[in-house]
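Text of my_file.cif (mmCIF, C-alpha atoms) as supplied:
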data_data
loop_
_atom_site.label_atom_id
_atom_site.label_comp_id
_atom_site.auth_asym_id
_atom_site.auth_seq_id
_atom_site.Cartn_x
_atom_site.Cartn_y
_atom_site.Cartn_z
CA MET A 1 84.29 113.77 105.67
CA ARG A 2 81.03 111.90 105.21
CA VAL A 3 81.23 108.78 103.02
CA LEU A 4 78.23 107.13 101.41
CA VAL A 5 78.85 103.38 100.98
CA VAL A 6 76.40 101.87 98.50
CA GLY A 7 76.38 98.08 98.82
CA ALA A 8 76.93 96.22 102.07
CA GLY A 9 78.23 92.90 100.75
CA ALA A 10 81.62 91.39 101.55
CA VAL A 11 83.55 94.33 100.03
CA GLY A 12 81.22 97.16 101.10
CA ALA A 13 81.13 95.94 104.71
CA ARG A 14 84.94 95.74 104.85
CA ALA A 15 85.25 99.18 103.29
CA ALA A 16 82.84 100.66 105.85
CA ARG A 17 84.85 99.14 108.69
CA GLN A 18 88.09 100.51 107.28
CA LEU A 19 86.55 103.96 106.84
CA VAL A 20 85.27 104.29 110.42
CA GLU A 21 88.82 103.66 111.67
CA SER A 22 90.10 106.77 109.92
CA ASP A 23 90.33 110.08 111.77
CA GLU A 24 89.44 112.06 108.65
CA VAL A 25 86.11 110.23 108.26
CA ARG A 26 83.34 111.79 110.34
CA GLU A 27 80.46 109.56 109.28
CA VAL A 28 79.81 106.51 107.12
CA VAL A 29 76.32 106.09 105.69
CA VAL A 30 75.60 102.50 104.64
CA VAL A 31 73.04 101.83 101.90
CA ASP A 32 71.93 98.41 100.67
CA SER A 33 68.90 96.99 98.90
CA ASP A 34 68.58 94.41 101.71
CA PRO A 35 67.44 96.36 104.82
CA VAL A 36 68.47 93.56 107.21
CA ARG A 37 72.01 93.44 105.85
CA GLN A 38 72.17 97.25 105.73
CA ALA A 39 71.25 97.50 109.41
CA ALA A 40 73.59 94.68 110.42
CA VAL A 41 76.62 96.21 108.67
CA ALA A 42 75.85 99.72 109.96
CA GLU A 43 75.47 98.41 113.51
CA SER A 44 78.61 96.27 113.43
CA SER A 45 80.75 99.05 111.96
CA GLY A 46 80.74 101.20 115.10
CA ARG A 47 79.36 104.51 116.23
CA LYS A 48 80.46 106.49 113.16
CA ALA A 49 78.35 104.30 110.87
CA ARG A 50 74.62 104.41 110.34
CA ALA A 51 72.09 103.09 107.85
CA GLY A 52 70.80 105.66 105.38
CA SER A 53 69.47 106.23 101.89
CA GLY A 54 71.21 106.69 98.55
CA GLU A 55 70.02 110.29 98.31
CA GLU A 56 71.94 111.57 101.33
CA GLN A 57 74.57 114.27 101.06
CA ALA A 58 78.15 113.02 101.15
CA ASP A 59 81.67 114.20 100.46
CA VAL A 60 82.49 111.01 98.56
CA VAL A 61 80.50 108.01 97.34
CA LEU A 62 81.84 104.44 97.39
CA LEU A 63 79.96 102.09 95.09
CA ALA A 64 80.29 98.45 96.18
CA GLY A 65 76.99 97.06 94.95
CA PRO A 66 76.37 94.50 92.22
CA CYS A 67 78.04 94.94 88.82
CA GLY A 68 75.79 96.67 86.32
CA THR A 69 74.50 99.27 88.79
CA HIS A 70 77.62 101.44 89.05
CA ALA A 71 77.43 103.53 85.88
CA ALA A 72 73.99 105.01 86.55
CA LEU A 73 74.77 105.76 90.20
CA ALA A 74 78.14 107.30 89.34
CA THR A 75 76.57 109.51 86.66
CA HIS A 76 74.06 110.79 89.22
CA HIS A 77 76.64 111.54 91.90
CA VAL A 78 79.19 113.10 89.54
CA GLY A 79 76.36 115.31 88.29
CA GLU A 80 75.91 116.42 91.91
CA GLY A 81 79.63 117.19 92.12
CA ARG A 82 80.63 114.28 94.38
CA PRO A 83 83.76 112.16 93.92
CA VAL A 84 82.93 108.51 93.24
CA VAL A 85 84.86 105.30 93.87
CA SER A 86 83.67 102.13 92.15
CA THR A 87 84.69 98.56 92.97
CA SER A 88 83.09 97.05 89.87
CA ASP A 89 85.23 94.71 87.77
CA SER A 90 82.73 94.40 84.92
CA ILE A 91 84.00 95.59 81.53
CA GLU A 92 80.69 97.35 80.78
CA ASP A 93 80.75 99.25 84.08
CA VAL A 94 84.39 100.20 83.66
CA ARG A 95 83.85 101.49 80.11
CA ALA A 96 80.82 103.55 81.19
CA LEU A 97 82.66 104.95 84.21
CA LEU A 98 85.72 105.91 82.14
CA ASP A 99 83.34 107.72 79.77
CA LEU A 100 82.50 110.07 82.66
CA ASP A 101 86.00 111.57 82.41
CA ALA A 102 85.00 114.81 80.66
CA GLU A 103 82.15 115.54 83.06
CA ALA A 104 84.26 114.66 86.11
CA ARG A 105 87.02 117.02 84.93
CA ALA A 106 84.50 119.77 84.25
CA ARG A 107 83.11 119.41 87.77
CA GLY A 108 86.55 119.03 89.34
CA VAL A 109 85.84 115.65 90.95
CA SER A 110 87.62 112.32 90.67
CA VAL A 111 86.00 109.05 89.64
CA VAL A 112 88.11 106.09 90.72
CA VAL A 113 87.30 103.08 88.56
CA GLY A 114 87.96 99.46 89.52
CA ALA A 115 89.10 100.16 93.09
CA SER A 116 89.23 96.63 94.49
CA PHE A 117 91.92 93.93 94.80
CA SER A 118 92.18 93.20 91.06
CA PRO A 119 91.75 95.60 89.40
CA GLY A 120 92.61 98.27 91.95
CA TYR A 121 95.47 97.11 94.13
CA THR A 122 97.03 95.53 91.04
CA CYS A 123 96.85 98.91 89.25
CA VAL A 124 98.82 100.53 92.08
CA LEU A 125 101.35 97.68 91.95
CA ALA A 126 101.69 98.21 88.19
CA ARG A 127 102.27 101.93 88.71
CA HIS A 128 104.80 101.26 91.46
CA GLY A 129 106.62 98.56 89.49
CA SER A 130 106.84 100.71 86.38
CA ALA A 131 108.49 103.61 88.24
CA THR A 132 111.97 102.10 87.86
CA PHE A 133 111.69 101.68 84.07
CA ASP A 134 112.59 104.17 81.36
CA THR A 135 109.87 102.64 79.20
CA VAL A 136 107.25 100.03 80.11
CA THR A 137 106.60 97.56 77.32
CA GLU A 138 104.40 94.86 78.90
CA LEU A 139 102.05 94.45 81.86
CA HIS A 140 100.60 91.08 82.78
CA VAL A 141 98.13 90.78 85.65
CA ALA A 142 96.90 87.55 87.22
CA ARG A 143 94.61 86.92 90.16
CA SER A 144 93.60 83.93 92.21
CA GLY A 145 90.62 83.54 94.51
CA THR A 146 87.30 85.29 95.03
CA GLY A 147 85.71 87.49 97.69
CA GLY A 148 82.01 87.31 98.44
CA PRO A 149 79.18 85.68 96.45
CA ALA A 150 78.99 88.53 93.91
CA CYS A 151 82.71 88.12 93.22
CA ALA A 152 82.29 84.36 92.80
CA ARG A 153 79.49 84.94 90.27
CA GLN A 154 81.65 87.44 88.40
CA HIS A 155 84.54 84.90 88.37
CA HIS A 156 82.13 82.35 86.90
CA ARG A 157 80.96 84.79 84.20
CA ALA A 158 84.45 86.04 83.39
CA LEU A 159 85.55 82.63 82.14
CA THR A 160 83.04 82.84 79.32
CA GLY A 161 82.71 85.60 76.74
CA GLN A 162 85.65 87.55 75.41
CA ALA A 163 88.87 88.64 77.08
CA LEU A 164 90.28 92.03 76.20
CA ASP A 165 94.02 92.20 75.48
CA TRP A 166 96.08 95.19 74.38
CA ARG A 167 98.72 94.37 71.80
CA ASP A 168 100.82 96.65 69.56
CA GLY A 169 98.56 99.66 69.91
CA GLY A 170 95.22 97.91 69.45
CA TRP A 171 92.54 95.98 71.33
CA HIS A 172 92.24 92.27 70.67
CA ARG A 173 89.37 90.10 71.77
CA ARG A 174 90.28 86.51 72.57
CA PRO A 175 88.05 83.74 73.93
CA ALA A 176 87.91 83.71 77.72
CA GLY A 177 89.19 80.43 79.12
CA SER A 178 92.00 80.23 76.54
CA GLY A 179 95.71 81.00 76.87
CA ARG A 180 96.62 78.78 79.83
CA GLU A 181 99.69 80.03 81.66
CA LEU A 182 101.29 78.83 84.89
CA CYS A 183 101.57 81.85 87.20
CA TRP A 184 103.46 81.88 90.49
CA PHE A 185 101.60 83.72 93.23
CA PRO A 186 102.98 84.61 96.66
CA ASP A 187 103.20 81.65 99.04
CA PRO A 188 101.25 79.69 100.14
CA ILE A 189 99.14 80.02 96.97
CA GLY A 190 102.11 79.13 94.75
CA ALA A 191 101.72 78.10 91.12
CA GLU A 192 98.26 78.07 89.53
CA ASP A 193 97.02 77.73 85.99
CA CYS A 194 95.62 81.04 84.79
CA TYR A 195 93.46 81.72 81.75
CA ARG A 196 92.30 84.73 79.78
CA ALA A 197 89.04 86.08 81.17
CA GLU A 198 86.58 88.91 80.66
CA LEU A 199 88.43 91.31 82.97
CA PRO A 200 88.72 95.11 82.71
CA ASP A 201 92.36 95.45 83.84
CA ALA A 202 93.73 96.38 80.41
CA LEU A 203 91.13 99.15 80.04
CA LEU A 204 92.46 100.72 83.24
CA LEU A 205 96.18 100.16 82.69
CA VAL A 206 96.62 101.21 79.06
CA PRO A 207 95.60 104.90 79.51
CA ALA A 208 97.94 105.20 82.50
CA MET A 209 100.98 103.70 80.72
CA PRO A 210 101.49 105.52 77.42
CA GLY A 211 103.48 103.48 74.91
CA VAL A 212 102.87 100.10 76.55
CA GLU A 213 102.85 97.36 73.90
CA ARG A 214 101.08 94.46 75.64
CA VAL A 215 98.64 94.30 78.53
CA THR A 216 96.90 91.08 79.54
CA ALA A 217 94.82 89.89 82.50
CA ARG A 218 94.37 86.31 83.62
CA LEU A 219 92.30 84.50 86.19
CA ALA A 220 93.34 81.38 88.11
CA ALA A 221 90.94 78.55 87.35
CA THR A 222 90.78 74.79 87.15
CA ARG A 223 89.88 72.74 84.08
CA ARG A 224 86.53 72.05 85.76
CA ASP A 225 85.93 75.81 86.16
CA ARG A 226 86.50 76.29 82.43
CA LEU A 227 83.99 73.58 81.62
CA SER A 228 81.33 74.58 84.14
CA ALA A 229 81.65 78.32 83.38
CA HIS A 230 79.30 77.78 80.42
CA LEU A 231 76.62 76.32 82.70
CA PRO A 232 74.59 78.04 85.43
CA MET A 233 76.38 77.94 88.80
CA LEU A 234 75.72 74.45 90.10
CA ARG A 235 76.12 75.40 93.76
CA LYS A 236 75.29 78.51 95.73
CA PRO A 237 78.44 80.68 96.00
CA HIS A 238 80.29 80.66 99.31
CA PRO A 239 79.69 83.65 101.63
CA GLU A 240 83.42 84.41 101.71
CA GLY A 241 86.31 82.99 99.70
CA LEU A 242 89.57 81.72 101.10
CA VAL A 243 92.89 83.53 100.84
CA GLY A 244 93.58 84.82 97.34
CA ALA A 245 96.49 86.50 95.64
CA VAL A 246 97.39 88.86 92.83
CA ARG A 247 100.48 89.09 90.68
CA VAL A 248 101.65 91.87 88.36
CA GLU A 249 104.51 91.35 85.94
CA VAL A 250 106.02 94.55 84.56
CA ARG A 251 108.43 94.32 81.63
CA GLY A 252 110.35 97.24 80.22
CA ARG A 253 113.66 98.82 79.40
CA GLN A 254 115.99 100.28 81.96
CA ALA A 255 119.30 101.89 80.92
CA GLY A 256 119.10 100.12 77.57
CA ARG A 257 118.47 96.65 79.05
CA SER A 258 115.29 94.60 79.19
CA GLU A 259 114.19 94.04 82.79
CA VAL A 260 111.28 92.35 84.57
CA VAL A 261 109.72 93.22 87.93
CA VAL A 262 107.13 90.91 89.50
CA LEU A 263 105.02 92.26 92.36
CA GLY A 264 102.19 90.59 94.21
CA ALA A 265 100.10 90.41 97.34
CA LEU A 266 98.25 87.82 99.35
CA ASP A 267 95.05 88.33 101.34
CA ARG A 268 91.37 87.55 101.48
CA PRO A 269 90.17 89.25 98.27
CA ALA A 270 87.17 90.96 99.92
CA VAL A 271 89.32 92.32 102.75
CA ALA A 272 91.97 93.67 100.38
CA ALA A 273 89.32 95.05 98.04
CA GLY A 274 87.50 96.77 100.92
CA ALA A 275 90.71 98.32 102.24
CA THR A 276 91.75 99.53 98.76
CA ALA A 277 88.32 101.01 98.06
CA ALA A 278 88.21 102.72 101.47
CA LEU A 279 91.64 104.28 100.98
CA ALA A 280 90.72 105.39 97.46
CA ALA A 281 87.56 107.00 98.87
CA ARG A 282 89.56 108.86 101.52
CA TRP A 283 92.06 110.09 98.93
CA ALA A 284 89.30 111.08 96.50
CA GLY A 285 87.32 112.83 99.25
CA SER A 286 90.32 114.81 100.44
CA GLY A 287 91.39 115.92 96.95
CA ARG A 288 94.53 113.78 96.80
CA LEU A 289 93.50 112.37 93.42
CA SER A 290 93.31 114.31 90.16
CA ALA A 291 89.97 115.30 88.71
CA GLY A 292 88.72 112.97 85.99
CA SER A 293 87.86 109.32 85.62
CA ALA A 294 90.67 106.75 85.83
CA GLY A 295 91.85 103.61 87.54
CA LEU A 296 94.31 103.52 90.42
CA ALA A 297 97.23 103.17 87.99
CA ALA A 298 96.89 106.94 87.59
CA VAL A 299 97.69 107.58 91.26
CA ASP A 300 100.75 109.85 91.53
CA ASP A 301 102.19 108.57 94.79
CA SER A 302 101.91 104.81 94.55
CA ARG A 303 104.45 104.35 97.35
CA ALA A 304 102.31 106.31 99.84
CA PHE A 305 99.17 104.46 98.74
CA LEU A 306 100.83 101.05 99.19
CA ALA A 307 102.36 102.13 102.51
CA GLU A 308 98.96 103.15 103.90
CA LEU A 309 97.51 99.80 102.84
CA ALA A 310 100.51 97.97 104.32
CA SER A 311 99.77 99.67 107.66
CA VAL A 312 96.40 97.86 107.71
CA GLY A 313 97.94 94.54 106.75
CA ILE A 314 97.75 94.50 102.93
CA LYS A 315 101.44 94.07 102.28
CA PRO A 316 103.02 94.03 98.81
CA ALA A 317 105.61 91.43 97.89
CA VAL A 318 108.29 91.29 95.23
CA PHE A 319 109.55 88.18 93.49
CA ASP A 320 113.31 87.84 93.50
CA GLY A 321 114.58 85.29 91.04
CA ALA A 322 117.60 83.14 91.79
CA PRO A 323 120.90 85.02 91.26
CA MET B 324 123.51 32.47 72.52
CA ALA B 325 124.48 35.28 70.14
CA LEU B 326 121.08 36.85 70.67
CA LEU B 327 121.53 36.80 74.44
CA ARG B 328 125.00 38.33 74.10
CA ARG B 329 123.65 41.13 71.90
CA ALA B 330 120.84 41.81 74.35
CA LEU B 331 123.29 41.99 77.25
CA VAL B 332 125.55 44.36 75.29
CA ALA B 333 122.54 46.56 74.44
CA LEU B 334 121.42 46.60 78.06
CA GLY B 335 124.92 47.43 79.21
CA LEU B 336 125.22 50.31 76.76
CA ALA B 337 121.81 51.64 77.78
CA ALA B 338 122.77 51.44 81.46
CA ALA B 339 126.08 53.20 80.83
CA PHE B 340 124.33 55.94 78.84
CA ALA B 341 121.67 56.38 81.57
CA ALA B 342 124.38 56.53 84.24
CA VAL B 343 126.21 59.29 82.35
CA LEU B 344 122.99 61.30 81.99
CA ARG B 345 122.07 60.73 85.64
CA LEU B 346 125.45 61.87 86.91
CA ARG B 347 125.89 64.72 84.49
CA GLY B 348 122.31 66.00 84.69
CA SER B 349 120.93 68.67 82.41
CA GLY B 350 119.20 71.28 84.60
CA GLY B 351 121.92 72.07 87.07
CA THR B 352 121.25 72.65 90.75
CA PRO B 353 117.74 73.90 91.54
CA PRO B 354 117.60 77.52 92.78
CA GLN B 355 118.70 77.76 96.40
CA GLN B 356 117.77 81.44 96.83
CA GLY B 357 115.08 83.80 95.62
CA GLY B 358 111.31 83.72 95.90
CA TRP B 359 108.72 86.10 97.27
CA ARG B 360 109.74 88.61 99.91
CA GLU B 361 108.02 91.64 101.40
CA LEU B 362 108.45 94.82 99.35
CA LYS B 363 110.13 97.53 101.39
CA LEU B 364 108.39 100.87 100.92
CA GLU B 365 110.75 103.24 102.77
#
Could you express the structure from this file as structure tokens?
Amino acid sequence: MRVLVVGAGAVGARAARQLVESDEVREVVVVDSDPVRQAAVAESSGRKARAGSGEEQADVVLLAGPCGTHAALATHHVGEGRPVVSTSDSIEDVRALLDLDAEARARGVSVVVGASFSPGYTCVLARHGSATFDTVTELHVARSGTGGPACARQHHRALTGQALDWRDGGWHRRPAGSGRELCWFPDPIGAEDCYRAELPDALLLVPAMPGVERVTARLAATRRDRLSAHLPMLRKPHPEGLVGAVRVEVRGRQAGRSEVVVLGALDRPAVAAGATAALAARWAGSGRLSAGSAGLAAVDDSRAFLAELASVGIKPAVFDGAP
Amino acid sequence: MALLRRALVALGLAAAFAAVLRLRGSGGTPPQQGGWRELKLE
């Protein structure tokens, strides 16, 4: 298959490198608004990759560019009958991409929304964790760390504005930066204070988990982050963040009892996001995902998805409490 | 003198009470097992 990767930042570059390693990928066409970066990523990704333009034919399109550009590009490519995978974690992008569901179904293509580390990998963890429950009542997602500069800017923005929670069958907007909660991430990240933030996770999880009563998403931040989030970024974002982590808490009923499963993962966010997006693109391009627009919580075989990611080093973890 | 005696009695009672709390504890033994482990996918 030929994959068009739009955006050659930290996530797009990692996705391109993951894609060229796959036997089912014949060619990866890298597109970026910065020609120097486009050429550098295409050259460093091996012989299957080359620089190209956004108008080239492809079997699947992976959108890894800046937030705010995904909806228009996805509309164009779905109109051309191409499956699309988006890594955007902006609420506006996610809403617009989910609105493409009817057209994607009509054209028989899949649109994978929020295919990064969180959302994305966390959606697959939520699906996997919920498989053992008779009914899922609550899903709580938390993430720590950032990928490239675009991710750092999005982290900064997400701590202002309005968080979107699902509670008792309705959407509730709460101020971002509120609702401090101590969340335990896989070691060595450990415990970090997490706050509500303008994150799209609930939009992606609620449609995939009918009957769920509460869905929340939180972001690890310091008190200084909460204060400075309302100001312009004081320093230029780092080119690549340190190791980050995600955590998904699934609550539900199993054989009449209330149970909790906590799953997580630890990696550099851009690496994990790139690997998740690349795998989603391969699955979408080979017809292993249903037609329509949805997040990765809708994936049927979460075990196989996680196993393929584990084979490239993105390994899921489970939290076992003391007996 | 009486004041000193009362103070010593109060200190003694406080020390005895603190010793009981210290020995008895309230949270039990911290968890010795559990934590994050790799999720097996077979």
### Query
Do you have the atom CA of Arg82 of chain A-atom CA of Pro207 of chain A distance handy?
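For atom CA of Arg82 of chain A relative to atom CA of Pro207 of chain A, the distance reads 23.1 Å.
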### Message
If the PyMOL selection byres ((chain B) within 8 of (chain A)) were run on this exact file, what residues would it hold? Put them as a ChimeraX atom specification.
### Response
/B:354-362,364
Write out, as a compact mmCIF listing (two decimals), in the coordinates of the input, the residues just selected, with C-alpha atoms.
# COMPACT_ATOMS: atom_id res chain seq x y z
CA PRO B 354 117.60 77.52 92.78
CA GLN B 355 118.70 77.76 96.40
CA GLN B 356 117.77 81.44 96.83
CA GLY B 357 115.08 83.80 95.62
CA GLY B 358 111.31 83.72 95.90
CA TRP B 359 108.72 86.10 97.27
CA ARG B 360 109.74 88.61 99.91
CA GLU B 361 108.02 91.64 101.40
CA LEU B 362 108.45 94.82 99.35
CA LEU B 364 108.39 100.87 100.92
### Message
One number please: atom CA of Arg105 of chain A to atom CA of Gly295 of chain A, in Å, one decimal.
### Response
14.5 Å
### Task
Please provide the set of residues having any atom within 7 Å of segment 285-291 of chain A, restricted to only C-alpha atoms, with same-chain residues fewer than 4 positions apart removed, written as a list in words.
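Near segment 285-291 of chain A, the qualifying residues are Asp59, Val60, Pro83, Ala104, Arg105, Gly108, Val109, Ser110, Ala281 and Val299 of chain A.
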### Message
Between atom CA of Ala229 of chain A and atom CA of Ala158 of chain A, what is the distance in Å, rounded to a tenth?
### Response
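Interatomic distance, atom CA of Ala229 of chain A to atom CA of Ala158 of chain A: 8.2 Å.
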Explicit residue set for the PyMOL selection byres ((chain A and resi 275) around 12), as a PDB file with C-alpha atoms, in the coordinates of the input:
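Result written to selection20.pdb:
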ATOM      1  CA  ALA A  10      81.620  91.390 101.550  1.00  0.00           C
ATOM      2  CA  VAL A  11      83.550  94.330 100.030  1.00  0.00           C
ATOM      3  CA  GLY A  12      81.220  97.160 101.100  1.00  0.00           C
ATOM      4  CA  ALA A  13      81.130  95.940 104.710  1.00  0.00           C
ATOM      5  CA  ARG A  14      84.940  95.740 104.850  1.00  0.00           C
ATOM      6  CA  ALA A  15      85.250  99.180 103.290  1.00  0.00           C
ATOM      7  CA  ALA A  16      82.840 100.660 105.850  1.00  0.00           C
ATOM      8  CA  ARG A  17      84.850  99.140 108.690  1.00  0.00           C
ATOM      9  CA  GLN A  18      88.090 100.510 107.280  1.00  0.00           C
ATOM     10  CA  LEU A  19      86.550 103.960 106.840  1.00  0.00           C
ATOM     11  CA  VAL A  20      85.270 104.290 110.420  1.00  0.00           C
ATOM     12  CA  GLU A  21      88.820 103.660 111.670  1.00  0.00           C
ATOM     13  CA  SER A  22      90.100 106.770 109.920  1.00  0.00           C
ATOM     14  CA  LEU A  62      81.840 104.440  97.390  1.00  0.00           C
ATOM     15  CA  THR A  87      84.690  98.560  92.970  1.00  0.00           C
ATOM     16  CA  ALA A 115      89.100 100.160  93.090  1.00  0.00           C
ATOM     17  CA  SER A 116      89.230  96.630  94.490  1.00  0.00           C
ATOM     18  CA  PHE A 117      91.920  93.930  94.800  1.00  0.00           C
ATOM     19  CA  GLY A 120      92.610  98.270  91.950  1.00  0.00           C
ATOM     20  CA  TYR A 121      95.470  97.110  94.130  1.00  0.00           C
ATOM     21  CA  ASP A 267      95.050  88.330 101.340  1.00  0.00           C
ATOM     22  CA  ARG A 268      91.370  87.550 101.480  1.00  0.00           C
ATOM     23  CA  PRO A 269      90.170  89.250  98.270  1.00  0.00           C
ATOM     24  CA  ALA A 270      87.170  90.960  99.920  1.00  0.00           C
ATOM     25  CA  VAL A 271      89.320  92.320 102.750  1.00  0.00           C
ATOM     26  CA  ALA A 272      91.970  93.670 100.380  1.00  0.00           C
ATOM     27  CA  ALA A 273      89.320  95.050  98.040  1.00  0.00           C
ATOM     28  CA  GLY A 274      87.500  96.770 100.920  1.00  0.00           C
ATOM     29  CA  THR A 276      91.750  99.530  98.760  1.00  0.00           C
ATOM     30  CA  ALA A 277      88.320 101.010  98.060  1.00  0.00           C
ATOM     31  CA  ALA A 278      88.210 102.720 101.470  1.00  0.00           C
ATOM     32  CA  LEU A 279      91.640 104.280 100.980  1.00  0.00           C
ATOM     33  CA  ALA A 280      90.720 105.390  97.460  1.00  0.00           C
ATOM     34  CA  ALA A 281      87.560 107.000  98.870  1.00  0.00           C
ATOM     35  CA  ARG A 282      89.560 108.860 101.520  1.00  0.00           C
ATOM     36  CA  PHE A 305      99.170 104.460  98.740  1.00  0.00           C
ATOM     37  CA  LEU A 306     100.830 101.050  99.190  1.00  0.00           C
ATOM     38  CA  GLU A 308      98.960 103.150 103.900  1.00  0.00           C
ATOM     39  CA  LEU A 309      97.510  99.800 102.840  1.00  0.00           C
ATOM     40  CA  ALA A 310     100.510  97.970 104.320  1.00  0.00           C
ATOM     41  CA  SER A 311      99.770  99.670 107.660  1.00  0.00           C
ATOM     42  CA  VAL A 312      96.400  97.860 107.710  1.00  0.00           C
ATOM     43  CA  GLY A 313      97.940  94.540 106.750  1.00  0.00           C
ATOM     44  CA  ILE A 314      97.750  94.500 102.930  1.00  0.00           C
ATOM     45  CA  LYS A 315     101.440  94.070 102.280  1.00  0.00           C
TER      46      LYS A 315
END
Test item: residues at most 10 Å from Ala71 of chain A, all atoms listed in the file, excluding those fewer than 4 positions along its chain, as a PDB file with C-alpha atoms, in the coordinates of the input:
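This is the output file part03.pdb:
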ATOM      1  CA  LEU A  63      79.960 102.090  95.090  1.00  0.00           C
ATOM      2  CA  CYS A  67      78.040  94.940  88.820  1.00  0.00           C
ATOM      3  CA  THR A  75      76.570 109.510  86.660  1.00  0.00           C
ATOM      4  CA  HIS A  76      74.060 110.790  89.220  1.00  0.00           C
ATOM      5  CA  SER A  86      83.670 102.130  92.150  1.00  0.00           C
ATOM      6  CA  SER A  88      83.090  97.050  89.870  1.00  0.00           C
ATOM      7  CA  GLU A  92      80.690  97.350  80.780  1.00  0.00           C
ATOM      8  CA  ASP A  93      80.750  99.250  84.080  1.00  0.00           C
ATOM      9  CA  VAL A  94      84.390 100.200  83.660  1.00  0.00           C
ATOM     10  CA  ARG A  95      83.850 101.490  80.110  1.00  0.00           C
ATOM     11  CA  ALA A  96      80.820 103.550  81.190  1.00  0.00           C
ATOM     12  CA  LEU A  97      82.660 104.950  84.210  1.00  0.00           C
ATOM     13  CA  LEU A  98      85.720 105.910  82.140  1.00  0.00           C
ATOM     14  CA  ASP A  99      83.340 107.720  79.770  1.00  0.00           C
ATOM     15  CA  LEU A 100      82.500 110.070  82.660  1.00  0.00           C
TER      16      LEU A 100
END
### Nearby residues (only C-alpha atoms) at most 6 Å from Phe133 of chain A, same-chain spacing under 3 positions excluded, as a list in words
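Listing them by chain and then by number gives Ser130, Arg253 and Gln254 of chain A.
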### Message
Which residues are near segment 220-226 of chain A? Cut-off 9 Å, only C-alpha atoms, ignore same chain within fewer than 4 positions. Put them as a list in words.
### Response
Ala142, Arg143, Ser144, Gly145, His156, Leu159, Thr160, Ala176, Gly177, Ser178, Leu182, Cys183, Glu192, Asp193, Cys194, Tyr195 and His230 of chain A
